[in-house]
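Peer 1: Okay, here's the structure, questions in a sec.
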Protein chains: 2
Amino acid sequence: MRMSELSVATGIPVATIKYYLREGLLAPGRPLGRNLADYDEGHVHRLALVRALADYGGLPIVTIRDLIGHVEGAKSSRYGLLALAQTAMTKWPAPRGGSHLAAAERLMDEMMARRGWTRSRAAHRAVRMAVGVLAVLGELGRQDMIAALDAYAAAADRIAAIDLGVLEGAVRPDASGPKDRERAVELVVVAASLGDALISALRRIAQVEQPQPLQDGQWALDPGRAV
Amino acid sequence: MRMSELSVATGIPVATIKYYLREGLLAPGRPLGRNLADYDEGHVHRLALVRALADYGGLPIVTIRDLIGHVEGAKSSRYGLLALAQTAMTKWPAPRGGSHLAAAERLMDEMMARRGWTRSRAAHRAVRMAVGVLAVLGELGRQDMIAALDAYAAAADRIAAIDLGVLEGAVRPDASGPKDRERAVELVVVAASLGDALISALRRIAQVEQPQPLQDGQWALDPGRAV
């Protein structure tokens with residue numbers, strides 16, 4: 001298809017598609033002549049992926065380009081690719097110091113011991129991220145949210161079990177070719193960004209739908225005004 | 001305390017504190033003389049809140065200023081304040097059109113009916129957000145993630161039950177003064193931003209800790225390289 005048809009198929013303006021081409025987010029089409037190229041379903045799919053990462057992952061173009069690079073199959077191992085994609089996908093603010101950091105580290109350690117979470121190291125980024133959030137909650141005096149850590153971890157465990165079920169179903173045990181690698185990395189990227197967005201939205205809906213509204217609904221949460 | 005002490009107490013550079021003062025994110029200190037002011041614990045707390053929203057909510061300064069305005073007690077009702085805070089906290093990309101949108105709306109309707117979620121309207125922002133994610137997953141051919149919608153919704157229900165437990169514990173049934181309102185709105189803001197960040201981090205840790213790693217851990221997810 002021509003670029004104008006690609007624009008119609010994806011709902012993305014021609015100017016934006018040209019920008020993605022210049023930035024290397026989209027492979028050039030098959031040349032048909034001067035200023036004319038042919039695009040296919042691969043381009044439609046790639047554009048959908050780029051928009052998903054921008055809209056729901058909230059990722060800047062430079063991060064999306066890095067991720068696309070991984071999806072296109074760098075030479076690192078599959079494990080390394082997944083780790084890289086996972087790391088690149090997540091915002092990792094450095095934990096701020098302060099008097100609450102040590103207490104947060106201890107709380108996290110104790111919770112992980114209680115759950116039998118033994119593979120994650122204190123130095124791992126996701127653990128640092130959780131510790132950082134706990135330290136800030138301590139700073140803000142939110143002992144009530146900190147006290148709910150084990151309950152939130154149990155809920156996260158359920159989500160992760162669903163995630164892994166999806167991943168196991170999607171990746172063949174004998175997967176090894178470049179197409180398999182691309183598919184696996186793309187799934188991790190999509191699951192991390194769109195999964196977080198989906199859970200965040202469902203959490204807001206579920207808050208409203210809880211069976212025990214507070215005080216005649218006066219304190220009940222709102223799922224957002226109608227658009 | 002003087003501004004230099006406020007900087008030490010919060011770990012935030014003096015230049016950044018001055019920027020927050022100029023932008024109206026922080027109330028001026030009590031004047032002690034020319035170019036000299038006194039700051040108190042209220043300022044420490046406010047700075048912690050601003051940094052939490054910036055670091056973990058990923059919010060721009062202008063949004064934080066709007067939220068701070070709500071926390072400071074606009075004239076709207078408590079319900080209205082909570083709704084505003086909740087709405088401002090969440091990124092809401094407009095659902096993109098395309099052939100997958102109608103299918104996504106139907107899937108969402110059906111899931112909500114199965115769960116007995118009857119209070120949320122199709123026009124509510126959180127519902128639109130979930131529909132948008134489902135439509136994009138459809139575009140990307142991720143039927144496997146779409147098939148997990150009910151399971152993710154059940155997990156979100158658990159998280160929301162924890163959220164509401166925290167909120168009920170924090171807000172007295174007879175709460176009505178401006179301090180109560182501030183406390184409630186701040187909790188909603190903190191729970192939305194830091195809660196999402198905490199769940200996202202715990203989800204990544206829990207993925208690694210799932211009892212059935214894939215294929216000798218080759219496809220296992222990594223919680224992020226050591227920092």
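Identifiers in this document derive from the order of the structure tokens: chains are assigned A, B, ..., residues are numbered from 1 separately in each chain, and ligands are numbered from 1 in order of occurrence.
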As a list of chain:residue names, please: the residues near A:Arg51 (cut-off 10 Å, only C-alpha atoms, same-chain neighbours under 3 positions excluded).
Peer 2: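 The contact residues come out as A:Thr10, A:Ile12, A:Arg46, A:Leu47, A:Ala48, A:Ala54, A:Asp55, A:Tyr56, A:Gly57, A:Gly58, A:Leu59, A:Ile64, B:Arg96, B:Val136.
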Peer 1: Which residues come within 12 Å of stretch 100-112 of chain A, counting only C-alpha atoms, excluding same-chain residues fewer than 5 positions away, as JSON, numbers by chain?
Peer 2: {"A": [94, 95, 117, 118, 119, 120, 121, 122, 123, 126, 127, 128, 129, 130, 131, 132, 133, 134, 135, 136, 137, 138, 139, 140, 141, 142, 143, 146, 147, 148, 149, 150, 151, 152, 153, 154, 157], "B": [9, 10, 48, 198, 201, 202, 205, 206, 209]}
Peer 1: Tell me, as an mmCIF file with N, CA, C and O atoms, in the first residue's frame, which residues lie within 10 Å of B:Asp196, counting only C-alpha atoms; anything in the same chain fewer than 2 positions away does not count.
Peer 2:
```cif
data_model
loop_
_atom_site.group_PDB
_atom_site.id
_atom_site.type_symbol
_atom_site.label_atom_id
_atom_site.label_comp_id
_atom_site.auth_asym_id
_atom_site.auth_seq_id
_atom_site.Cartn_x
_atom_site.Cartn_y
_atom_site.Cartn_z
ATOM 1 N N ASP A 196 0.255 -2.629 32.625
ATOM 2 C CA ASP A 196 0.185 -1.650 33.718
ATOM 3 C C ASP A 196 -0.989 -0.691 33.520
ATOM 4 O O ASP A 196 -1.706 -0.361 34.463
ATOM 5 N N ALA A 197 -1.179 -0.223 32.261
ATOM 6 C CA ALA A 197 -2.275 0.722 31.978
ATOM 7 C C ALA A 197 -3.630 0.055 32.213
ATOM 8 O O ALA A 197 -4.548 0.657 32.790
ATOM 9 N N ILE A 199 -4.320 -2.570 34.195
ATOM 10 C CA ILE A 199 -4.535 -2.821 35.626
ATOM 11 C C ILE A 199 -4.883 -1.522 36.339
ATOM 12 O O ILE A 199 -5.766 -1.490 37.203
ATOM 13 N N SER A 200 -4.211 -0.427 35.960
ATOM 14 C CA SER A 200 -4.497 0.867 36.561
ATOM 15 C C SER A 200 -5.952 1.278 36.305
ATOM 16 O O SER A 200 -6.653 1.739 37.223
ATOM 17 N N ARG A 203 -8.316 -1.046 38.211
ATOM 18 C CA ARG A 203 -8.265 -0.724 39.643
ATOM 19 C C ARG A 203 -9.212 0.438 39.961
ATOM 20 O O ARG A 203 -9.949 0.405 40.946
ATOM 21 N N TYR B 56 7.153 9.438 41.203
ATOM 22 C CA TYR B 56 6.449 8.174 41.048
ATOM 23 C C TYR B 56 5.152 8.316 40.264
ATOM 24 O O TYR B 56 4.695 7.370 39.646
ATOM 25 N N GLY B 57 4.526 9.492 40.329
ATOM 26 C CA GLY B 57 3.337 9.712 39.521
ATOM 27 C C GLY B 57 3.727 10.097 38.103
ATOM 28 O O GLY B 57 2.927 10.003 37.195
ATOM 29 N N VAL B 190 -2.079 10.273 46.687
ATOM 30 C CA VAL B 190 -0.933 9.417 46.989
ATOM 31 C C VAL B 190 -1.237 7.969 46.601
ATOM 32 O O VAL B 190 -0.403 7.282 45.994
ATOM 33 N N ALA B 191 -2.439 7.510 46.943
ATOM 34 C CA ALA B 191 -2.788 6.117 46.656
ATOM 35 C C ALA B 191 -2.798 5.857 45.156
ATOM 36 O O ALA B 191 -2.349 4.811 44.690
ATOM 37 N N ALA B 192 -3.287 6.851 44.380
ATOM 38 C CA ALA B 192 -3.361 6.657 42.936
ATOM 39 C C ALA B 192 -1.960 6.609 42.323
ATOM 40 O O ALA B 192 -1.633 5.700 41.571
ATOM 41 N N SER B 193 -1.105 7.571 42.677
ATOM 42 C CA SER B 193 0.205 7.651 42.023
ATOM 43 C C SER B 193 1.178 6.626 42.600
ATOM 44 O O SER B 193 1.733 5.804 41.881
ATOM 45 N N LEU B 194 1.391 6.651 43.916
ATOM 46 C CA LEU B 194 2.354 5.735 44.498
ATOM 47 C C LEU B 194 1.824 4.310 44.502
ATOM 48 O O LEU B 194 2.587 3.357 44.384
ATOM 49 N N LEU B 198 3.842 1.210 43.114
ATOM 50 C CA LEU B 198 4.149 0.079 43.987
ATOM 51 C C LEU B 198 3.669 -1.233 43.362
ATOM 52 O O LEU B 198 4.402 -2.228 43.320
ATOM 53 N N ILE B 199 2.446 -1.220 42.845
ATOM 54 C CA ILE B 199 1.895 -2.436 42.245
ATOM 55 C C ILE B 199 2.716 -2.837 41.016
ATOM 56 O O ILE B 199 2.991 -4.019 40.799
ATOM 57 N N SER B 200 3.126 -1.831 40.215
ATOM 58 C CA SER B 200 3.938 -2.116 39.038
ATOM 59 C C SER B 200 5.264 -2.780 39.430
ATOM 60 O O SER B 200 5.696 -3.764 38.819
ATOM 61 N N ALA B 201 5.918 -2.269 40.482
ATOM 62 C CA ALA B 201 7.187 -2.853 40.929
ATOM 63 C C ALA B 201 6.968 -4.255 41.505
ATOM 64 O O ALA B 201 7.715 -5.191 41.187
ATOM 65 N N LEU B 202 5.938 -4.408 42.324
ATOM 66 C CA LEU B 202 5.663 -5.722 42.930
ATOM 67 C C LEU B 202 5.310 -6.747 41.846
ATOM 68 O O LEU B 202 5.672 -7.920 41.942
#
```
Peer 1: List the neighbours of A:Met3 out to 8 Å using only C-alpha atoms; skip same-chain residues closer than 6 positions along the sequence, and give me the result as a tab-separated table (two decimals) with all heavy atoms, in the first residue's frame.
Peer 2:
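Contents of the output file out_8.tsv:
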```tsv
chain	number	residue	atom	x	y	z
A	14	VAL	N	-0.02	11.25	7.96
A	14	VAL	CA	1.15	11.05	7.09
A	14	VAL	C	2.39	11.73	7.66
A	14	VAL	O	3.48	11.17	7.67
A	14	VAL	CB	0.85	11.56	5.65
A	14	VAL	CG1	2.14	11.66	4.83
A	14	VAL	CG2	-0.14	10.61	4.96
A	37	ALA	N	6.84	4.52	-2.36
A	37	ALA	CA	7.24	3.27	-1.74
A	37	ALA	C	6.00	2.47	-1.38
A	37	ALA	O	4.90	3.01	-1.25
A	37	ALA	CB	8.08	3.54	-0.49
A	38	ASP	N	6.22	1.17	-1.23
A	38	ASP	CA	5.12	0.26	-0.93
A	38	ASP	C	5.25	-0.22	0.52
A	38	ASP	O	6.32	-0.65	0.96
A	38	ASP	CB	5.20	-0.95	-1.88
A	38	ASP	CG	4.00	-1.87	-1.72
A	38	ASP	OD1	2.87	-1.35	-1.70
A	38	ASP	OD2	4.21	-3.09	-1.60
A	39	TYR	N	4.15	-0.15	1.26
A	39	TYR	CA	4.14	-0.58	2.66
A	39	TYR	C	3.22	-1.78	2.80
A	39	TYR	O	2.27	-1.95	2.03
A	39	TYR	CB	3.68	0.57	3.56
A	39	TYR	CG	4.60	1.78	3.45
A	39	TYR	CD1	4.34	2.78	2.50
A	39	TYR	CD2	5.73	1.89	4.25
A	39	TYR	CE1	5.19	3.87	2.38
A	39	TYR	CE2	6.58	2.98	4.13
A	39	TYR	CZ	6.31	3.96	3.19
A	39	TYR	OH	7.16	5.02	3.07
```
Peer 1: For chain A, which of B:Arg65, B:Gly29, B:Arg114, B:Val44 is the closest residue, counting only C-alpha atoms?
Peer 2: B:Val44
Peer 1: Quick one: pull the distance between atom CA of A:Gly98 and atom CA of B:Val188, Å, one decimal.
Peer 2: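 Going from atom CA of A:Gly98 over to atom CA of B:Val188, I get 23.9 Å.
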Peer 1: Hey, which of A:Gly42, A:Gly24, A:Gly33, A:Gly69 ends up closest to chain B? Count only C-alpha atoms.
Peer 2: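 The closest residue to chain B is A:Gly42.
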Peer 1: Find the residue from A:Met145, A:Val8, A:Ala27, A:Ile17 that sits nearest to B:Gly195; use only C-alpha atoms when measuring.
Peer 2: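 The answer is A:Met145, which sits nearest to B:Gly195.
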Peer 1: Could you pull the residues within 8 Å of A:Gln207, counting only C-alpha atoms, minus those fewer than 4 positions along the same chain, as a PyMOL selection string?
Peer 2: (chain A and resi 203+221) or (chain B and resi 157+160-161+163-164)
Peer 1: With distances taken over only C-alpha atoms, which residue among A:Ala113, A:Leu67, A:Val62, A:Leu49 lies nearest chain B?
Peer 2: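 Selected residue with least distance to chain B: A:Leu49.
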Peer 1: Provide the atom CA of B:Glu5 to atom CA of B:Val185 distance in Å, to one decimal place.
Peer 2: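 So the two atoms, atom CA of B:Glu5 and atom CA of B:Val185, lie 28.3 Å apart.
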